[in-house]
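Source file: run_30.tsv. Holds: TSV, N, CA and C atoms.
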chain	number	residue	atom	x	y	z
A	1	MET	N	0.82	-1.20	0.00
A	1	MET	CA	0.00	0.00	0.00
A	1	MET	C	0.86	1.26	0.00
A	2	ASN	N	1.94	1.24	0.75
A	2	ASN	CA	2.81	2.40	0.87
A	2	ASN	C	3.49	2.73	-0.46
A	3	ARG	N	3.92	1.65	-1.21
A	3	ARG	CA	4.55	1.89	-2.52
A	3	ARG	C	3.57	2.56	-3.47
A	4	ARG	N	2.35	2.15	-3.39
A	4	ARG	CA	1.32	2.72	-4.27
A	4	ARG	C	1.13	4.20	-3.97
A	5	LEU	N	1.08	4.55	-2.71
A	5	LEU	CA	0.93	5.97	-2.34
A	5	LEU	C	2.14	6.79	-2.77
A	6	VAL	N	3.33	6.21	-2.65
A	6	VAL	CA	4.54	6.91	-3.08
A	6	VAL	C	4.51	7.12	-4.60
A	7	ALA	N	4.07	6.12	-5.35
A	7	ALA	CA	3.98	6.24	-6.81
A	7	ALA	C	2.97	7.32	-7.20
A	8	ILE	N	1.83	7.31	-6.51
A	8	ILE	CA	0.80	8.33	-6.79
A	8	ILE	C	1.33	9.71	-6.47
A	9	GLU	N	2.01	9.84	-5.34
A	9	GLU	CA	2.56	11.15	-4.95
A	9	GLU	C	3.64	11.61	-5.92
A	10	THR	N	4.44	10.70	-6.40
A	10	THR	CA	5.48	11.05	-7.37
A	10	THR	C	4.85	11.51	-8.69
A	11	LYS	N	3.85	10.74	-9.12
A	11	LYS	CA	3.16	11.12	-10.36
A	11	LYS	C	2.50	12.47	-10.22
A	12	ARG	N	1.89	12.72	-9.07
A	12	ARG	CA	1.24	14.01	-8.80
A	12	ARG	C	2.25	15.15	-8.87
A	13	ALA	N	3.42	14.95	-8.28
A	13	ALA	CA	4.46	15.97	-8.29
A	13	ALA	C	4.91	16.26	-9.72
A	14	ARG	N	5.08	15.20	-10.53
A	14	ARG	CA	5.49	15.40	-11.93
A	14	ARG	C	4.42	16.17	-12.70
A	15	LEU	N	3.15	15.81	-12.45
A	15	LEU	CA	2.07	16.50	-13.14
A	15	LEU	C	1.98	17.97	-12.73
A	16	LEU	N	2.20	18.25	-11.46
A	16	LEU	CA	2.19	19.65	-11.00
A	16	LEU	C	3.31	20.45	-11.64
A	17	GLU	N	4.50	19.84	-11.74
A	17	GLU	CA	5.63	20.52	-12.39
A	17	GLU	C	5.33	20.76	-13.87
A	18	ARG	N	4.75	19.75	-14.51
A	18	ARG	CA	4.40	19.89	-15.94
A	18	ARG	C	3.37	20.99	-16.14
A	19	ALA	N	2.36	21.03	-15.28
A	19	ALA	CA	1.33	22.06	-15.39
A	19	ALA	C	1.92	23.45	-15.19
A	20	ALA	N	2.83	23.58	-14.23
A	20	ALA	CA	3.47	24.89	-14.00
A	20	ALA	C	4.30	25.29	-15.22
A	21	ARG	N	5.01	24.34	-15.79
A	21	ARG	CA	5.83	24.62	-16.97
A	21	ARG	C	4.94	25.03	-18.16
A	22	GLU	N	3.83	24.33	-18.35
A	22	GLU	CA	2.93	24.66	-19.45
A	22	GLU	C	2.26	26.02	-19.24
A	23	ARG	N	1.91	26.34	-17.99
A	23	ARG	CA	1.35	27.67	-17.72
A	23	ARG	C	2.35	28.76	-18.05
A	24	GLU	N	3.60	28.53	-17.71
A	24	GLU	CA	4.65	29.52	-18.01
A	24	GLU	C	4.83	29.68	-19.52
A	25	GLN	N	4.81	28.57	-20.25
A	25	GLN	CA	4.94	28.64	-21.71
A	25	GLN	C	3.76	29.37	-22.33
A	26	LEU	N	2.57	29.10	-21.83
A	26	LEU	CA	1.38	29.76	-22.35
A	26	LEU	C	1.44	31.27	-22.06
A	27	ALA	N	1.87	31.62	-20.87
A	27	ALA	CA	1.99	33.04	-20.52
A	27	ALA	C	2.98	33.74	-21.44
A	28	GLN	N	4.08	33.09	-21.75
A	28	GLN	CA	5.07	33.68	-22.65
A	28	GLN	C	4.51	33.80	-24.07
A	29	ALA	N	3.77	32.80	-24.50
A	29	ALA	CA	3.19	32.84	-25.85
A	29	ALA	C	2.15	33.94	-25.96
A	30	LEU	N	1.37	34.16	-24.92
A	30	LEU	CA	0.32	35.17	-24.95
A	30	LEU	C	0.83	36.57	-24.67
A	31	GLN	N	2.06	36.69	-24.21
A	31	GLN	CA	2.63	38.00	-23.91
A	31	GLN	C	2.65	38.88	-25.15
A	32	SER	N	2.85	38.29	-26.32
A	32	SER	CA	2.90	39.07	-27.55
A	32	SER	C	1.52	39.64	-27.91
A	33	LEU	N	0.47	39.07	-27.35
A	33	LEU	CA	-0.88	39.55	-27.65
A	33	LEU	C	-1.35	40.62	-26.66
A	34	ALA	N	-0.56	40.92	-25.67
A	34	ALA	CA	-0.99	41.86	-24.63
A	34	ALA	C	-1.28	43.25	-25.21
A	35	GLN	N	-0.40	43.77	-26.03
A	35	GLN	CA	-0.61	45.11	-26.58
A	35	GLN	C	-1.80	45.17	-27.54
A	36	PRO	N	-1.91	44.24	-28.50
A	36	PRO	CA	-3.08	44.30	-29.37
A	36	PRO	C	-4.40	44.14	-28.61
A	37	LEU	N	-4.42	43.29	-27.61
A	37	LEU	CA	-5.65	43.11	-26.83
A	37	LEU	C	-5.96	44.35	-26.00
A	38	ALA	N	-4.94	45.00	-25.49
A	38	ALA	CA	-5.17	46.24	-24.75
A	38	ALA	C	-5.73	47.32	-25.67
A	39	PHE	N	-5.21	47.39	-26.89
A	39	PHE	CA	-5.72	48.35	-27.87
A	39	PHE	C	-7.18	48.04	-28.20
A	40	ALA	N	-7.49	46.77	-28.39
A	40	ALA	CA	-8.87	46.37	-28.69
A	40	ALA	C	-9.80	46.73	-27.53
A	41	ASP	N	-9.33	46.55	-26.30
A	41	ASP	CA	-10.13	46.93	-25.13
A	41	ASP	C	-10.40	48.42	-25.11
A	42	ARG	N	-9.39	49.22	-25.43
A	42	ARG	CA	-9.59	50.68	-25.46
A	42	ARG	C	-10.59	51.06	-26.55
A	43	CYS	N	-10.51	50.40	-27.69
A	43	CYS	CA	-11.46	50.69	-28.77
A	43	CYS	C	-12.89	50.34	-28.37
A	44	VAL	N	-13.05	49.19	-27.75
A	44	VAL	CA	-14.39	48.78	-27.30
A	44	VAL	C	-14.92	49.77	-26.27
A	45	ASN	N	-14.08	50.20	-25.36
A	45	ASN	CA	-14.50	51.19	-24.36
A	45	ASN	C	-14.87	52.51	-25.00
A	46	ALA	N	-14.13	52.93	-26.02
A	46	ALA	CA	-14.44	54.17	-26.71
A	46	ALA	C	-15.79	54.07	-27.42
A	47	VAL	N	-16.04	52.94	-28.07
A	47	VAL	CA	-17.32	52.76	-28.75
A	47	VAL	C	-18.46	52.77	-27.75
A	48	ARG	N	-18.27	52.10	-26.63
A	48	ARG	CA	-19.31	52.10	-25.58
A	48	ARG	C	-19.57	53.51	-25.07
A	49	TYR	N	-18.51	54.28	-24.91
A	49	TYR	CA	-18.66	55.65	-24.43
A	49	TYR	C	-19.48	56.48	-25.42
A	50	VAL	N	-19.15	56.36	-26.70
A	50	VAL	CA	-19.84	57.14	-27.73
A	50	VAL	C	-21.30	56.69	-27.84
A	51	VAL	N	-21.53	55.39	-27.83
A	51	VAL	CA	-22.89	54.87	-27.98
A	51	VAL	C	-23.76	55.27	-26.79
A	52	SER	N	-23.17	55.39	-25.63
A	52	SER	CA	-23.95	55.75	-24.45
A	52	SER	C	-24.27	57.25	-24.38
A	53	ARG	N	-23.75	58.02	-25.33
A	53	ARG	CA	-23.98	59.47	-25.35
A	53	ARG	C	-24.45	59.92	-26.73
A	54	PRO	N	-25.69	59.61	-27.10
A	54	PRO	CA	-26.21	59.99	-28.42
A	54	PRO	C	-26.21	61.50	-28.68
A	55	PRO	N	-26.51	62.36	-27.70
A	55	PRO	CA	-26.46	63.80	-28.00
A	55	PRO	C	-25.06	64.26	-28.41
A	56	LEU	N	-24.05	63.67	-27.82
A	56	LEU	CA	-22.68	64.02	-28.18
A	56	LEU	C	-22.40	63.64	-29.64
A	57	VAL	N	-22.84	62.47	-30.05
A	57	VAL	CA	-22.66	62.03	-31.43
A	57	VAL	C	-23.42	62.94	-32.39
A	58	ALA	N	-24.66	63.26	-32.03
A	58	ALA	CA	-25.47	64.13	-32.88
A	58	ALA	C	-24.82	65.51	-33.03
A	59	ALA	N	-24.30	66.04	-31.93
A	59	ALA	CA	-23.64	67.35	-32.00
A	59	ALA	C	-22.39	67.29	-32.88
A	60	ALA	N	-21.62	66.23	-32.76
A	60	ALA	CA	-20.41	66.10	-33.58
A	60	ALA	C	-20.76	65.99	-35.06
A	61	VAL	N	-21.79	65.22	-35.38
A	61	VAL	CA	-22.22	65.08	-36.77
A	61	VAL	C	-22.73	66.42	-37.30
A	62	PHE	N	-23.48	67.13	-36.49
A	62	PHE	CA	-24.01	68.43	-36.89
A	62	PHE	C	-22.88	69.42	-37.18
A	63	VAL	N	-21.89	69.48	-36.30
A	63	VAL	CA	-20.76	70.40	-36.50
A	63	VAL	C	-19.98	69.99	-37.75
A	64	PHE	N	-19.78	68.69	-37.92
A	64	PHE	CA	-19.08	68.20	-39.11
A	64	PHE	C	-19.83	68.59	-40.38
A	65	ALA	N	-21.15	68.45	-40.36
A	65	ALA	CA	-21.96	68.80	-41.53
A	65	ALA	C	-21.92	70.30	-41.80
A	66	LEU	N	-21.85	71.11	-40.76
A	66	LEU	CA	-21.76	72.56	-40.96
A	66	LEU	C	-20.40	72.98	-41.52
A	67	LEU	N	-19.35	72.36	-41.02
A	67	LEU	CA	-18.01	72.75	-41.44
A	67	LEU	C	-17.62	72.18	-42.80
A	68	ARG	N	-18.03	70.98	-43.09
A	68	ARG	CA	-17.66	70.32	-44.34
A	68	ARG	C	-18.88	69.65	-44.96
A	69	PRO	N	-19.77	70.41	-45.57
A	69	PRO	CA	-21.01	69.81	-46.09
A	69	PRO	C	-20.79	68.76	-47.17
A	70	ARG	N	-19.87	69.00	-48.10
A	70	ARG	CA	-19.65	68.03	-49.17
A	70	ARG	C	-19.09	66.72	-48.63
A	71	ARG	N	-18.15	66.86	-47.73
A	71	ARG	CA	-17.56	65.67	-47.13
A	71	ARG	C	-18.59	64.93	-46.28
A	72	ALA	N	-19.46	65.69	-45.62
A	72	ALA	CA	-20.51	65.07	-44.81
A	72	ALA	C	-21.47	64.27	-45.70
A	73	ILE	N	-21.75	64.80	-46.88
A	73	ILE	CA	-22.63	64.07	-47.80
A	73	ILE	C	-21.96	62.78	-48.27
A	74	LYS	N	-20.67	62.84	-48.57
A	74	LYS	CA	-19.95	61.63	-48.97
A	74	LYS	C	-19.97	60.58	-47.86
A	75	TRP	N	-19.71	61.05	-46.65
A	75	TRP	CA	-19.73	60.12	-45.51
A	75	TRP	C	-21.13	59.55	-45.27
A	76	ALA	N	-22.14	60.37	-45.49
A	76	ALA	CA	-23.52	59.89	-45.32
A	76	ALA	C	-23.83	58.81	-46.34
A	77	ARG	N	-23.37	58.99	-47.58
A	77	ARG	CA	-23.58	57.96	-48.60
A	77	ARG	C	-22.89	56.66	-48.22
A	78	ARG	N	-21.65	56.79	-47.76
A	78	ARG	CA	-20.90	55.60	-47.35
A	78	ARG	C	-21.59	54.89	-46.18
A	79	ALA	N	-22.01	55.68	-45.22
A	79	ALA	CA	-22.68	55.10	-44.05
A	79	ALA	C	-23.96	54.40	-44.46
A	80	PHE	N	-24.71	55.03	-45.37
A	80	PHE	CA	-25.95	54.41	-45.83
A	80	PHE	C	-25.65	53.11	-46.57
A	81	GLY	N	-24.64	53.11	-47.39
A	81	GLY	CA	-24.24	51.90	-48.10
A	81	GLY	C	-23.81	50.79	-47.15
A	82	LEU	N	-23.04	51.15	-46.14
A	82	LEU	CA	-22.64	50.17	-45.14
A	82	LEU	C	-23.84	49.62	-44.39
A	83	TRP	N	-24.77	50.51	-44.07
A	83	TRP	CA	-25.97	50.08	-43.36
A	83	TRP	C	-26.79	49.11	-44.22
A	84	GLN	N	-26.94	49.43	-45.49
A	84	GLN	CA	-27.67	48.54	-46.39
A	84	GLN	C	-26.97	47.19	-46.51
A	85	GLY	N	-25.66	47.21	-46.62
A	85	GLY	CA	-24.90	45.97	-46.69
A	85	GLY	C	-25.05	45.14	-45.42
A	86	TYR	N	-25.03	45.81	-44.30
A	86	TYR	CA	-25.22	45.12	-43.01
A	86	TYR	C	-26.60	44.47	-42.95
A	87	ARG	N	-27.62	45.22	-43.34
A	87	ARG	CA	-28.98	44.67	-43.31
A	87	ARG	C	-29.11	43.49	-44.26
A	88	TRP	N	-28.54	43.59	-45.46
A	88	TRP	CA	-28.59	42.49	-46.41
A	88	TRP	C	-27.89	41.26	-45.85
A	89	LEU	N	-26.72	41.46	-45.27
A	89	LEU	CA	-25.95	40.35	-44.73
A	89	LEU	C	-26.68	39.67	-43.57
A	90	THR	N	-27.26	40.45	-42.68
A	90	THR	CA	-27.96	39.84	-41.55
A	90	THR	C	-29.19	39.09	-42.01
A	91	ARG	N	-29.84	39.57	-43.05
A	91	ARG	CA	-30.99	38.84	-43.60
A	91	ARG	C	-30.55	37.51	-44.22
A	92	LYS	N	-29.43	37.53	-44.93
A	92	LYS	CA	-28.93	36.30	-45.56
A	92	LYS	C	-28.49	35.29	-44.51
A	93	ILE	N	-27.89	35.76	-43.45
A	93	ILE	CA	-27.43	34.86	-42.39
A	93	ILE	C	-28.62	34.29	-41.63
A	94	ALA	N	-29.65	35.09	-41.42
A	94	ALA	CA	-30.81	34.66	-40.65
A	94	ALA	C	-31.61	33.59	-41.37
A	95	VAL	N	-31.52	33.55	-42.68
A	95	VAL	CA	-32.33	32.59	-43.46
A	95	VAL	C	-31.70	31.25	-43.49
Show me the file's structure as C-alpha cells.
Amino acid sequence: MNRRLVAIETKRARLLERAAREREQLAQALQSLAQPLAFADRCVNAVRYVVSRPPLVAAAVFVFALLRPRRAIKWARRAFGLWQGYRWLTRKIAV
C-alpha cells in the first residue's frame, strides 16, 4: 500500500511541475498579444462611451456637416451603403 501511495505522490508531483511549466509557456506565448488586446479593449470602451452618449454624437455630426457639407454628404452615402450591406448580410445569415 505504501509503494502505491509513493507512486501516486510522485506522479502528482510530476504533473504539478508539468502544469506549472505549461502555464509559463502559455503566458510567454500570450505576452505578444498583450498590446493588441489592450488596444482592442480601449477601442471597445471608446465605442461604448460614444454609444452611451447619443447627443454628443449628434452634436459632432451636426458640426461636421456645418463645417464640411460636401464631405458630410460623402460620408452619409458611405454610411448608408454600409448600413444597407449590413442589413442584407444579416438577412442572408438569418435565413
Legend entry - Pairwise distance for CA of Val47 in chain A and CA of Lys74 in chain A, rounded to one decimal in Å: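 Going from CA of Val47 in chain A over to CA of Lys74 in chain A, I get 22.2 Å.
Our summary of the geometry notes that atom N of Arg53 in chain A is positioned 19.0 Å from CA of Ala79 in chain A.
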Inset, instruction - Would you work out the distance separating atom N of Val63 in chain A from atom C of Val51 in chain A, expressed in Å to one decimal? - result: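 Going from atom N of Val63 in chain A over to atom C of Val51 in chain A, I get 17.2 Å.
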